Amino acid sequence: FDLATCLTFNMIDPIEGLRRYRELEKGGSLDASVAIATILLEGIGRDLDDASDKEAVGILSAASAKGHSQAQYELGCLHYLGSHPSLAAEDDDMAYALFEAAADQKHTSALFMQAEFLLEGRGHERDDAKAVPLLHAAALRGHRMARQYIRELLDADTAHYASLLKPIERAKRHAARLPPLPPEGSEHFAVYRGDGSKATIDELLNAASDCDVVLLGETHDDPIAHSLEAFLLISLAARREKVTLSLEMFERDVQTVLDEYLKGLVRERDLLQDC
């Protein structure tokens, strides 16, 4: 199958690729059948003709009825576009149903198309709340347009939220939900002044809030240190108008990837790989 795909869709030898798909189809491969339908509809390595179109739509219909997600997606596109009206009439309701069926199987492009139909009110009443999780799922799978939609929605939300509440006010709300810490420390941590005498968390925060830069060292695999860092960051953000977080392990050239991760546009493994 992979060899046939390489030969066909890289235009190396589409005729041989189609022959190999035909052999696989005889063995019952639905993936091969759907690939054949795609070749016939797009005229890859061959001329377009009505007989090929009819065969292709028949293949897609049969594979779709058996629950093949790619066939459902392709057939949904035909009903959406109405490009072959005598074989698959333009029908938003049918297209939505097919996209939804494929999306239920986590088909990336179908997730996006179902979301777009929901946003536009095509084939289904408009439902933004239902569309956003579908866009997010498609974005996590690398769908570029879904990522763009999510980015635009996040930007719009940020602009709206920012107009209602200043960053320091948002931080204060987060700080109010922080668990209380023992003022003078516990068995897990302690606070000291420069001369070695004991201090409190509040003293530390008061001193840090007057500084231009606060440096925090850590033992990388210490969860207590990580929790304290989060506590200090949120607490400082609630005390100062502007707070910027800088992490020594990230260079400036990976800022774009960090921004995408923080907006939920890329997966953690993508962040780790690209940064």
# chains A, B, ... in the order shown; residues from 1 in each chain; ligands from 1
call {"tool": "residues_around", "arguments": {"residues": "Arg122 of chain A", "least_positions_apart": "6", "cutoff": "12 Å", "atoms": "only C-alpha atoms", "output": "mmCIF file with N, CA, C and O atoms, in the first residue's frame"}}
result
data_model
loop_
_atom_site.group_PDB
_atom_site.id
_atom_site.type_symbol
_atom_site.label_atom_id
_atom_site.label_comp_id
_atom_site.auth_asym_id
_atom_site.auth_seq_id
_atom_site.Cartn_x
_atom_site.Cartn_y
_atom_site.Cartn_z
ATOM 1 N N TYR A 80 -20.768 18.398 -0.512
ATOM 2 C CA TYR A 80 -20.567 19.795 -0.137
ATOM 3 C C TYR A 80 -20.327 20.672 -1.369
ATOM 4 O O TYR A 80 -20.929 21.729 -1.544
ATOM 5 N N ASP A 91 -25.552 18.859 -1.232
ATOM 6 C CA ASP A 91 -26.489 18.614 -0.132
ATOM 7 C C ASP A 91 -25.751 18.836 1.181
ATOM 8 O O ASP A 91 -24.986 17.974 1.631
ATOM 9 N N ASP A 92 -25.978 19.998 1.809
ATOM 10 C CA ASP A 92 -25.277 20.318 3.049
ATOM 11 C C ASP A 92 -25.621 19.357 4.177
ATOM 12 O O ASP A 92 -24.762 19.013 5.003
ATOM 13 N N ASP A 93 -26.877 18.922 4.239
ATOM 14 C CA ASP A 93 -27.276 17.999 5.303
ATOM 15 C C ASP A 93 -26.526 16.678 5.182
ATOM 16 O O ASP A 93 -26.027 16.129 6.177
ATOM 17 N N MET A 94 -26.458 16.153 3.968
ATOM 18 C CA MET A 94 -25.749 14.897 3.738
ATOM 19 C C MET A 94 -24.259 15.070 4.004
ATOM 20 O O MET A 94 -23.608 14.214 4.628
ATOM 21 N N ALA A 95 -23.707 16.194 3.537
ATOM 22 C CA ALA A 95 -22.286 16.456 3.755
ATOM 23 C C ALA A 95 -21.973 16.514 5.246
ATOM 24 O O ALA A 95 -20.988 15.920 5.713
ATOM 25 N N TYR A 96 -22.808 17.216 6.006
ATOM 26 C CA TYR A 96 -22.568 17.322 7.451
ATOM 27 C C TYR A 96 -22.615 15.948 8.110
ATOM 28 O O TYR A 96 -21.770 15.625 8.948
ATOM 29 N N ALA A 97 -23.601 15.151 7.744
ATOM 30 C CA ALA A 97 -23.737 13.816 8.340
ATOM 31 C C ALA A 97 -22.485 12.974 8.073
ATOM 32 O O ALA A 97 -22.008 12.247 8.953
ATOM 33 N N PHE A 99 -19.382 14.150 7.313
ATOM 34 C CA PHE A 99 -18.254 14.726 8.043
ATOM 35 C C PHE A 99 -18.326 14.339 9.521
ATOM 36 O O PHE A 99 -17.309 14.017 10.146
ATOM 37 N N MET A 113 -13.964 20.123 9.024
ATOM 38 C CA MET A 113 -15.133 20.423 8.200
ATOM 39 C C MET A 113 -16.414 20.426 9.031
ATOM 40 O O MET A 113 -17.288 21.286 8.827
ATOM 41 N N GLN A 114 -16.537 19.491 9.967
ATOM 42 C CA GLN A 114 -17.727 19.502 10.814
ATOM 43 C C GLN A 114 -17.777 20.802 11.620
ATOM 44 O O GLN A 114 -18.830 21.429 11.749
ATOM 45 N N ALA A 115 -16.609 21.209 12.145
ATOM 46 C CA ALA A 115 -16.557 22.454 12.906
ATOM 47 C C ALA A 115 -16.939 23.647 12.047
ATOM 48 O O ALA A 115 -17.701 24.532 12.477
ATOM 49 N N GLU A 116 -16.422 23.687 10.817
ATOM 50 C CA GLU A 116 -16.727 24.819 9.936
ATOM 51 C C GLU A 116 -18.212 24.869 9.608
ATOM 52 O O GLU A 116 -18.816 25.952 9.562
#
call {"tool": "residues_around", "arguments": {"residues": "segment 53-67 of chain A", "least_positions_apart": "4", "cutoff": "9 Å", "atoms": "only C-alpha atoms", "output": "PyMOL selection string"}}
result
chain A and resi 30-31+33-34+36-41+48-49+71-75+78+84+87-88+98+101-102
call {"tool": "closest_atom_pairs", "arguments": {"of": "segment 132-185 of chain A", "to": "segment 231-253 of chain A", "cutoff": "9 Å", "atoms": "only C-alpha atoms", "output": "Markdown table"}}
result
| residue | atom | partner | partner_atom | distance |
| --- | --- | --- | --- | --- |
| A:Lys166 | CA | A:Glu241 | CA | 8.7 |
| A:Pro167 | CA | A:Glu241 | CA | 7.4 |
| A:Ile168 | CA | A:Ala238 | CA | 5.3 |
| A:Glu169 | CA | A:Ala238 | CA | 7.0 |
| A:Arg170 | CA | A:Ala238 | CA | 7.8 |
| A:Ala171 | CA | A:Ala238 | CA | 4.7 |
| A:Lys172 | CA | A:Ala238 | CA | 4.6 |
| A:Arg173 | CA | A:Ala238 | CA | 8.1 |
| A:His174 | CA | A:Ile234 | CA | 7.0 |
| A:Ala175 | CA | A:Ser235 | CA | 5.7 |
| A:Leu178 | CA | A:Phe231 | CA | 7.3 |
| A:Pro179 | CA | A:Phe231 | CA | 8.9 |
call {"tool": "atom_distance", "arguments": {"atom1": "atom CA of Ser209 of chain A", "atom2": "atom CA of Asp222 of chain A"}}
result
24.6 Å
call {"tool": "atom_distance", "arguments": {"atom1": "atom CA of Lys26 of chain A", "atom2": "atom CA of Phe1 of chain A"}}
result
12.7 Å
call {"tool": "atom_distance", "arguments": {"atom1": "atom CA of Leu135 of chain A", "atom2": "atom CA of Glu260 of chain A"}}
result
14.8 Å
call {"tool": "residues_around", "arguments": {"residues": "Lys130 of chain A", "least_positions_apart": "6", "cutoff": "12 Å", "atoms": "only C-alpha atoms", "output": "list in words"}}
result
Glu100, Leu111, Phe112, Gln114, Ala115, Glu116, Phe117, Leu118, Leu119, Gly121, His124, His136 and Ala137 of chain A
call {"tool": "closest_residue", "arguments": {"among": "A:Ser86, A:Ser29, A:Thr8, A:Ser69", "to": "Gly45 of chain A", "atoms": "only C-alpha atoms"}}
result
A:Thr8
call {"tool": "closest_residue", "arguments": {"among": "A:Ala4, A:Ala138, A:Leu81, A:Cys211", "to": "Ser109 of chain A", "atoms": "only C-alpha atoms"}}
result
A:Ala138
call {"tool": "residues_around", "arguments": {"residues": "Ala190 of chain A", "least_positions_apart": "3", "cutoff": "12 Å", "atoms": "only C-alpha atoms", "output": "NGL selection string"}}
result
:A and (181-187 or 193 or 196-201 or 204 or 224-225 or 228)
